[in-house]
file protein-v5.tsv (TSV, C-alpha atoms)
chain	number	residue	atom	x	y	z
W	29	MET	CA	-15.78	-9.82	-25.59
W	30	TYR	CA	-18.00	-9.55	-22.53
W	31	ILE	CA	-17.95	-12.47	-20.07
W	32	ALA	CA	-20.69	-12.41	-17.44
W	33	GLN	CA	-18.81	-14.79	-15.13
W	34	PRO	CA	-15.07	-14.28	-15.68
W	35	THR	CA	-13.81	-17.41	-13.96
W	36	LEU	CA	-10.26	-18.55	-14.59
W	37	GLU	CA	-11.59	-21.36	-16.77
W	38	ALA	CA	-13.66	-18.91	-18.84
W	39	ILE	CA	-10.66	-16.60	-19.26
W	40	LYS	CA	-8.44	-19.54	-20.26
W	41	GLN	CA	-10.96	-20.60	-22.89
W	42	PHE	CA	-11.13	-17.05	-24.26
W	43	VAL	CA	-7.35	-16.97	-24.64
W	44	ILE	CA	-7.29	-20.36	-26.36
W	45	ASP	CA	-10.07	-19.39	-28.77
W	46	ASN	CA	-8.81	-15.88	-29.57
W	47	MET	CA	-5.02	-15.96	-29.37
W	48	PRO	CA	-3.82	-13.87	-32.37
W	49	ASN	CA	-0.96	-14.80	-34.63
W	50	THR	CA	0.51	-11.30	-34.51
W	51	PRO	CA	2.05	-9.44	-31.50
W	52	SER	CA	-0.68	-8.26	-29.15
W	53	ASN	CA	-1.40	-7.20	-25.59
W	54	LEU	CA	-4.31	-8.80	-23.76
W	55	MET	CA	-6.54	-6.28	-21.94
W	56	LEU	CA	-8.80	-7.48	-19.12
W	57	LEU	CA	-11.26	-5.09	-17.47
W	58	PHE	CA	-13.27	-6.42	-14.51
W	59	ALA	CA	-16.20	-5.09	-12.57
W	60	GLU	CA	-15.27	-4.88	-8.90
W	61	GLU	CA	-17.81	-7.54	-7.94
W	62	SER	CA	-16.31	-10.01	-10.44
W	63	LEU	CA	-12.59	-9.50	-9.89
W	64	PRO	CA	-10.84	-12.88	-9.97
W	65	ASN	CA	-7.87	-13.79	-7.81
W	66	ILE	CA	-5.15	-11.75	-9.50
W	67	LYS	CA	-2.25	-13.99	-8.45
W	68	GLU	CA	-4.00	-17.04	-9.90
W	69	LEU	CA	-4.86	-15.05	-13.03
W	70	GLN	CA	-1.22	-14.05	-13.48
W	71	ASN	CA	-0.05	-17.64	-13.04
W	72	LEU	CA	-2.55	-18.77	-15.67
W	73	LEU	CA	-1.81	-16.13	-18.29
W	74	ASN	CA	1.95	-16.16	-17.85
W	75	GLN	CA	1.90	-19.78	-19.02
W	76	TYR	CA	0.96	-18.52	-22.48
W	77	GLY	CA	3.85	-16.08	-22.74
W	78	ILE	CA	1.64	-13.09	-23.55
W	79	ASN	CA	1.74	-9.51	-22.35
W	80	PHE	CA	-1.40	-8.56	-20.47
W	81	PHE	CA	-2.75	-5.72	-18.35
W	82	GLY	CA	-6.02	-4.66	-16.82
W	83	GLY	CA	-7.89	-3.19	-13.95
W	84	MET	CA	-10.81	-3.23	-11.55
W	85	PHE	CA	-13.69	-0.77	-12.00
W	86	PRO	CA	-17.02	-0.08	-10.27
W	87	ASN	CA	-18.79	-0.84	-13.58
W	88	ILE	CA	-17.69	-1.86	-17.05
W	89	ILE	CA	-19.04	-0.92	-20.47
W	90	TYR	CA	-19.45	-3.22	-23.44
W	91	GLY	CA	-21.20	-1.99	-26.56
W	92	ASN	CA	-23.89	0.39	-25.40
W	93	GLN	CA	-24.50	-1.37	-22.07
W	94	HIS	CA	-22.88	-1.03	-18.68
W	95	TYR	CA	-22.58	-3.87	-16.18
W	96	ASP	CA	-21.80	-4.09	-12.49
W	97	VAL	CA	-20.60	-7.68	-12.88
W	98	GLY	CA	-18.48	-9.48	-15.44
W	99	GLY	CA	-15.40	-8.69	-17.46
W	100	VAL	CA	-14.40	-7.34	-20.87
W	101	LEU	CA	-11.48	-9.09	-22.57
W	102	THR	CA	-9.79	-8.23	-25.86
W	103	PHE	CA	-6.47	-8.56	-27.62
W	104	LEU	CA	-5.03	-5.21	-28.73
W	105	PRO	CA	-2.51	-5.32	-31.58
W	106	SER	CA	0.87	-3.94	-30.54
W	107	THR	CA	4.55	-4.80	-30.79
W	108	ILE	CA	5.24	-2.76	-27.63
W	109	PRO	CA	4.40	-4.17	-24.17
W	110	PRO	CA	2.33	-1.97	-21.84
W	111	TYR	CA	4.27	0.49	-19.71
W	112	LEU	CA	3.83	0.49	-15.93
W	113	VAL	CA	4.29	3.71	-13.95
W	114	GLN	CA	4.30	3.59	-10.15
W	115	GLY	CA	4.37	6.25	-7.43
W	116	LEU	CA	1.40	8.41	-8.43
W	117	ASP	CA	1.13	9.48	-4.79
W	118	LYS	CA	4.36	11.45	-5.16
W	119	LYS	CA	5.47	14.42	-7.24
W	120	ASN	CA	7.84	14.12	-10.19
W	121	VAL	CA	7.06	10.51	-11.03
W	122	PRO	CA	9.78	9.10	-13.30
W	123	LEU	CA	8.39	8.05	-16.66
W	124	PRO	CA	9.53	5.05	-18.70
W	125	ASP	CA	11.51	5.30	-21.89
W	126	PHE	CA	8.99	6.01	-24.65
W	127	THR	CA	11.59	5.65	-27.43
W	128	PRO	CA	9.86	2.60	-28.97
W	129	MET	CA	6.70	4.69	-29.32
W	130	TYR	CA	8.60	7.59	-30.87
W	131	GLU	CA	10.29	5.31	-33.36
W	132	SER	CA	7.17	3.41	-34.34
W	133	GLU	CA	5.33	4.63	-37.42
W	134	GLU	CA	2.25	2.60	-36.49
W	135	ILE	CA	1.39	3.72	-32.95
W	136	ALA	CA	-1.55	6.14	-33.18
W	137	SER	CA	-3.09	6.00	-29.69
W	138	ALA	CA	-2.09	5.62	-26.06
W	139	LEU	CA	-4.53	3.80	-23.81
W	140	ILE	CA	-3.98	4.99	-20.24
W	141	PHE	CA	-5.53	3.62	-17.04
W	142	VAL	CA	-4.71	5.22	-13.69
W	143	ASP	CA	-5.56	4.50	-10.08
W	144	GLY	CA	-8.45	6.95	-9.81
W	145	LEU	CA	-7.68	7.78	-6.17
W	146	SER	CA	-4.04	8.72	-6.67
W	147	SER	CA	-3.13	12.28	-5.75
W	148	GLN	CA	-0.85	13.14	-8.68
W	149	ILE	CA	-2.94	12.11	-11.69
W	150	ALA	CA	-3.04	15.57	-13.26
W	151	SER	CA	0.71	16.14	-13.07
W	152	PHE	CA	1.38	12.61	-14.34
W	153	LEU	CA	-0.84	13.10	-17.40
W	154	LEU	CA	0.80	16.46	-18.08
W	155	ASP	CA	4.24	14.84	-17.92
W	156	VAL	CA	3.12	12.13	-20.35
W	157	TYR	CA	1.77	14.75	-22.74
W	158	ASN	CA	4.97	16.78	-22.47
W	159	GLN	CA	6.87	13.73	-23.71
W	160	LEU	CA	4.48	12.35	-26.31
W	161	GLY	CA	2.68	15.55	-27.32
W	162	ASP	CA	0.21	15.19	-30.14
W	163	SER	CA	2.08	12.26	-31.69
W	164	VAL	CA	-0.74	10.04	-30.36
W	165	ASN	CA	-4.35	10.37	-29.29
W	166	TYR	CA	-5.12	9.58	-25.66
W	167	LEU	CA	-7.93	7.53	-24.18
W	168	GLY	CA	-8.55	5.67	-20.95
W	169	GLY	CA	-9.90	6.28	-17.48
W	170	GLY	CA	-9.61	5.77	-13.75
W	171	ALA	CA	-9.70	2.39	-12.04
W	172	GLY	CA	-10.69	1.67	-8.45
W	173	SER	CA	-13.46	0.83	-6.03
W	174	LEU	CA	-16.89	2.39	-5.67
W	175	SER	CA	-16.26	2.40	-1.91
W	176	LEU	CA	-13.64	5.16	-2.51
W	177	GLN	CA	-11.25	3.16	-0.34
W	178	GLN	CA	-7.94	2.98	-2.13
W	179	LYS	CA	-6.65	-0.50	-2.87
W	180	PRO	CA	-4.70	-2.23	-5.66
W	181	CYS	CA	-6.72	-1.85	-8.85
W	182	LEU	CA	-4.33	-2.23	-11.81
W	183	PHE	CA	-2.36	-5.31	-12.79
W	184	ASN	CA	0.02	-6.72	-15.38
W	185	ASN	CA	2.20	-9.82	-15.78
W	186	ASN	CA	4.21	-8.96	-12.69
W	187	GLY	CA	1.95	-7.50	-10.01
W	188	PHE	CA	-1.18	-5.86	-8.65
W	189	PHE	CA	-0.77	-2.13	-7.99
W	190	GLN	CA	-2.22	1.02	-6.48
W	191	ASP	CA	-0.96	4.58	-7.03
W	192	ALA	CA	0.00	3.40	-10.49
W	193	ALA	CA	-0.79	3.82	-14.17
W	194	ILE	CA	-0.58	1.55	-17.20
W	195	ILE	CA	0.05	2.92	-20.69
W	196	CYS	CA	-0.65	0.65	-23.65
W	197	PRO	CA	0.48	1.86	-27.11
W	198	ILE	CA	-1.84	0.71	-29.89
W	199	PRO	CA	-1.73	1.15	-33.69
W	200	LEU	CA	-5.40	2.13	-33.85
W	201	LYS	CA	-6.76	5.58	-34.58
W	202	SER	CA	-9.07	7.11	-31.99
W	203	GLN	CA	-11.15	10.23	-31.48
W	204	LEU	CA	-11.85	12.15	-28.31
W	205	GLY	CA	-15.25	11.64	-26.70
W	206	VAL	CA	-16.10	12.58	-23.11
W	207	GLN	CA	-19.47	11.99	-21.52
W	208	HIS	CA	-20.99	11.13	-18.15
W	209	GLY	CA	-24.48	10.67	-16.80
W	210	TRP	CA	-24.26	12.99	-13.81
W	211	GLU	CA	-26.77	15.78	-13.36
W	212	SER	CA	-26.15	19.04	-11.56
W	213	ILE	CA	-27.77	19.22	-8.10
W	214	TYR	CA	-26.86	22.81	-7.30
W	215	GLY	CA	-23.98	25.14	-7.74
W	216	PRO	CA	-21.62	26.50	-8.79
W	217	LEU	CA	-19.28	25.25	-6.06
W	218	VAL	CA	-15.82	26.61	-5.35
W	219	ALA	CA	-13.15	24.32	-3.91
W	220	ASN	CA	-11.26	27.13	-2.22
W	221	LYS	CA	-8.94	24.90	-0.18
W	222	THR	CA	-7.52	21.60	-1.46
W	223	ASP	CA	-4.65	19.22	-0.83
W	224	HIS	CA	-3.89	17.47	-4.12
W	225	ASN	CA	-7.09	15.52	-4.84
W	226	VAL	CA	-8.65	16.11	-1.39
W	227	ILE	CA	-11.18	18.95	-0.97
W	228	LYS	CA	-10.70	20.56	2.46
W	229	GLU	CA	-12.96	23.59	2.11
W	230	LEU	CA	-15.93	24.03	-0.23
W	231	ASN	CA	-17.55	27.43	-0.75
W	232	TRP	CA	-15.53	28.70	2.22
W	233	GLN	CA	-17.09	26.09	4.52
W	234	TYR	CA	-15.35	23.17	6.23
call {"tool": "encode", "arguments": {"input": "protein-v5.tsv", "output": "structure tokens"}}
result
Amino acid sequence: MYIAQPTLEAIKQFVIDNMPNTPSNLMLLFAEESLPNIKELQNLLNQYGINFFGGMFPNIIYGNQHYDVGGVLTFLPSTIPPYLVQGLDKKNVPLPDFTPMYESEEIASALIFVDGLSSQIASFLLDVYNQLGDSVNYLGGGAGSLSLQQKPCLFNNNGFFQDAAIICPIPLKSQLGVQHGWESIYGPLVANKTDHNVIKELNWQY
């Protein structure tokens, strides 16, 4: 559900009206301009005893429209709470125990959100794949600010995080689809000197 003004009262009403009778995780995705106070949001949602997670993004998509304000809220069926992984600014990030996912016959997809400005995203995703392999399909994206200034952008019941990732197992089938609206200006360009996710030299020029 898309909410143009995701106030705490509006979010509370959504939860009251849509609380499922089966185990679920509440996902909340907010446009950067509409991000509510996360501490107050956590206090509100924790009163209902539900698992929730979400993030802040420059824009959000609902249906075939994108918005620079508002929030998208939905309950995702799952008996497994979302996993939190921290330390994506360091190598060899320890992963959580995925045994419940292995043992579940229902989990078909893994929804993954990462801090889009973390330096170890590629190695983290490779590590996740090395553990889960093709037992699930993967979908998700990067959270963060359009200013490209790193700040906390992912949250769950217990905190507001940067250099982190959240993995939500869901018993829903998915298919891969990648698309963006960028157009090539010129190129090709060669990043011949980099430091993790920082380009230091492009086409042999500083």
call {"tool": "closest_residue", "arguments": {"input": "protein-v5.tsv", "among": "W:Gln148, W:Ser137, W:Gln177, W:Ser212", "to": "Leu160 of chain W", "atoms": "only C-alpha atoms"}}
result
W:Ser137
call {"tool": "closest_atom_pairs", "arguments": {"input": "protein-v5.tsv", "of": "segment 167-200 of chain W", "to": "segment 73-79 of chain W", "cutoff": "10 Å", "atoms": "only C-alpha atoms", "output": "tab-separated table"}}
result
residue	atom	partner	partner_atom	distance
W:Asn184	CA	W:Asn79	CA	7.7
W:Asn185	CA	W:Asn79	CA	6.6
W:Asn186	CA	W:Asn74	CA	9.1
call {"tool": "residues_around", "arguments": {"input": "protein-v5.tsv", "residues": "Ile135 of chain W", "least_positions_apart": "3", "cutoff": "9 Å", "atoms": "only C-alpha atoms", "output": "PyMOL selection string"}}
result
chain W and resi 106+129-130+132+138+163-164+197-201
call {"tool": "residues_near_point", "arguments": {"input": "protein-v5.tsv", "point": "(-5.3, -10.9, -7.7)", "cutoff": "9 Å", "atoms": "only C-alpha atoms", "output": "list in words"}}
result
Leu63, Pro64, Asn65, Ile66, Lys67, Glu68, Leu69, Gln70, Pro180, Phe183, Gly187 and Phe188 of chain W
call {"tool": "closest_residue", "arguments": {"input": "protein-v5.tsv", "among": "W:Ala171, W:Ile213, W:Val142, W:Ala32", "to": "Asp96 of chain W", "atoms": "only C-alpha atoms"}}
result
W:Ala32
call {"tool": "atom_distance", "arguments": {"input": "protein-v5.tsv", "atom1": "atom CA of Ala193 of chain W", "atom2": "atom CA of Asp125 of chain W"}}
result
14.6 Å
call {"tool": "closest_residue", "arguments": {"input": "protein-v5.tsv", "among": "W:Asn231, W:Ser173, W:Asn120, W:Gln114", "to": "Ile194 of chain W", "atoms": "all atoms listed in the file"}}
result
W:Gln114
call {"tool": "closest_residue", "arguments": {"input": "protein-v5.tsv", "among": "W:Leu104, W:Ala150, W:Cys181, W:Ile195", "to": "Met55 of chain W", "atoms": "all atoms listed in the file"}}
result
W:Leu104
call {"tool": "closest_residue", "arguments": {"input": "protein-v5.tsv", "among": "W:Thr127, W:Leu57, W:Ser146, W:Glu133", "to": "Val226 of chain W", "atoms": "all atoms listed in the file"}}
result
W:Ser146
call {"tool": "closest_residue", "arguments": {"input": "protein-v5.tsv", "among": "W:Leu101, W:Leu139, W:Leu230, W:Leu154", "to": "Phe58 of chain W", "atoms": "all atoms listed in the file"}}
result
W:Leu101
call {"tool": "residues_around", "arguments": {"input": "protein-v5.tsv", "residues": "Val113 of chain W", "least_positions_apart": "3", "cutoff": "12 Å", "atoms": "all atoms listed in the file", "output": "ChimeraX atom specification"}}
result
/W:110,116-118,120-126,140-143,148-149,152-153,155-156,182-184,189-196
call {"tool": "atom_distance", "arguments": {"input": "protein-v5.tsv", "atom1": "atom CA of Tyr166 of chain W", "atom2": "atom CA of Ser202 of chain W"}}
result
7.9 Å
call {"tool": "closest_atom_pairs", "arguments": {"input": "protein-v5.tsv", "of": "segment 80-188 of chain W", "to": "segment 34-42 of chain W", "cutoff": "9 Å", "atoms": "all atoms listed in the file", "output": "tab-separated table"}}
result
residue	atom	partner	partner_atom	distance
W:Gly98	CA	W:Pro34	CA	5.9
W:Gly99	CA	W:Pro34	CA	5.9
W:Val100	CA	W:Pro34	CA	8.7
W:Leu101	CA	W:Phe42	CA	8.1
call {"tool": "write_last_selection", "arguments": {"input": "protein-v5.tsv", "atoms": "C-alpha atoms", "output": "tab-separated table (two decimals), keeping the file's coordinate frame"}}
result
chain	number	residue	atom	x	y	z
W	98	GLY	CA	-18.48	-9.48	-15.44
W	99	GLY	CA	-15.40	-8.69	-17.46
W	100	VAL	CA	-14.40	-7.34	-20.87
W	101	LEU	CA	-11.48	-9.09	-22.57
call {"tool": "atom_distance", "arguments": {"input": "protein-v5.tsv", "atom1": "atom CA of Gly168 of chain W", "atom2": "atom CA of Glu60 of chain W"}}
result
17.4 Å
